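Below: the structure, in structure tokens.
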Amino acid sequence: MADLGDSDLTQVLDGVGAVFLLTDGLNIAAHDHRLVAAAQQAGVERIVKLSVLSVGHGATDPITTMHRAGEEAIRDSGIGWTFLRPTAFMSNALNWTPMIMTDQVVQSPFAVGRAALVDPADIAAVAAACLTQDGHNDRVYELTGPEPLSPPDQVAILSQVLERDLRYAEADPAATLAQWVSFGMPDELADAIMAQFRSTLEPYNSEPTGDITTVTGRPARSFTDWAETHRSELLTPANW
């Protein structure tokens, strides 16, 4: 593990054959470029990058643009690469814990937005395979769950799994942005994340792929599977 902004990455990568690259925030492209330069010097043979689904579908929001630049740097490096492009994470529902635990009304923007949400455990399984097995170089995997779900769909499933009378209420995007900023999130980052939320209105986010099955040999987990596995976390005030 290294700080992609400050560490001497060449020393960190000494003797490393394969790297899993996960970058976020507002420095995705810069950190990806630093990692690539160090990986070239250290003789790294393979980089598996966690990107975003929207890179392959023409999106131009800030987060997509930064990931696209990172992918391009890796492609141009001469190092073997695999890009994992997931849709929205099922685990984002953990952010609803305070609402589940109080008035049981889940507020989230873009009620008609739909995404084939993916379980992070499935992403991890694909990443592990790509890092340790041959046959994944120069491949792009679009990682999704088995079905497109809107926020109201997710709340209905959570209501059943958690045995609570949960209701969904559409939140105003501007009010949601203001709330994030009030919690300490930088304005620029809040805007970038909201653009990703808004992308659920795009058809490509609601189209399941079979790439998880292709790599792991088993079906992608459903949102019901995920909710049952994380039931206690969804009902734990510690997640507030």
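Labels for the structure tokens follow display order: chains A, B, ..., residues from 1 in each chain, ligands from 1.
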
List every residue of stretch 85-199 of chain A that has an atom at most 10 Å from any atom of stretch 26-31 of chain A, and for each one report the closest atom pair and its distance in Å to one decimal, counting only C-alpha atoms, with rows sorted by chain and then by increasing residue number, as JSON lines.
{"residue": "A:Pro186", "atom": "CA", "partner": "A:Leu26", "partner_atom": "CA", "distance": 9.8}
{"residue": "A:Glu188", "atom": "CA", "partner": "A:Leu26", "partner_atom": "CA", "distance": 8.1}
{"residue": "A:Leu189", "atom": "CA", "partner": "A:Leu26", "partner_atom": "CA", "distance": 6.5}
{"residue": "A:Ala192", "atom": "CA", "partner": "A:Leu26", "partner_atom": "CA", "distance": 8.6}

Selection above as a file: N, CA and C atoms, as an mmCIF file, in the first residue's frame:
data_model
loop_
_atom_site.group_PDB
_atom_site.id
_atom_site.type_symbol
_atom_site.label_atom_id
_atom_site.label_comp_id
_atom_site.auth_asym_id
_atom_site.auth_seq_id
_atom_site.Cartn_x
_atom_site.Cartn_y
_atom_site.Cartn_z
ATOM 1 N N PRO A 186 -15.757 18.650 -0.482
ATOM 2 C CA PRO A 186 -15.452 19.801 -1.349
ATOM 3 C C PRO A 186 -16.486 19.957 -2.459
ATOM 4 N N GLU A 188 -16.262 20.771 -5.585
ATOM 5 C CA GLU A 188 -15.918 20.157 -6.870
ATOM 6 C C GLU A 188 -16.149 18.649 -6.838
ATOM 7 N N LEU A 189 -15.790 18.019 -5.727
ATOM 8 C CA LEU A 189 -15.995 16.580 -5.611
ATOM 9 C C LEU A 189 -17.479 16.250 -5.541
ATOM 10 N N ALA A 192 -18.907 16.338 -8.939
ATOM 11 C CA ALA A 192 -18.463 15.194 -9.736
ATOM 12 C C ALA A 192 -19.231 13.928 -9.366
#

Exercise. Which is closer to A:Ser199 than all the others in A:Met66, A:Val112, A:Ala18, A:Ala39, using only C-alpha atoms?
Worked result: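 Looking only at the distances to A:Ser199, the closest residue turns out to be A:Val112.
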
Exercise. Per DSSP on the backbone, what are the strand (DSSP E) residues of stretch 26-235 of chain A, as a list in words?
Worked result: Arg46, Ile47, Val48, Lys49, Leu50, Gly80, Trp81, Thr82, Phe83, Leu84, Arg85, Pro86, Val105, Val106, Gln107, Ser108, Arg139, Val140, Tyr141, Glu142, Leu143, Arg167, Tyr168, Ala169 and Glu170 of chain A

Exercise. Leaving out A:Trp226 and any residue of its chain fewer than 6 positions from it, which residues lie within 12 Å of it when counting only C-alpha atoms, given as a count of residues only?
Worked result: 22

Exercise. Which is closer to A:Ile212 than all the others in A:Phe197, A:Trp96, A:Tyr141, A:Phe183, using only C-alpha atoms?
Worked result: A:Tyr141

Exercise. What is the atom CA of A:Met194 to atom CA of A:Leu177 distance in Å?
Worked result: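 A separation of 7.3 Å between them.
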
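Taking atom CA of A:Thr224 and atom CA of A:Ala127 as endpoints, the distance between them is 22.6 Å.
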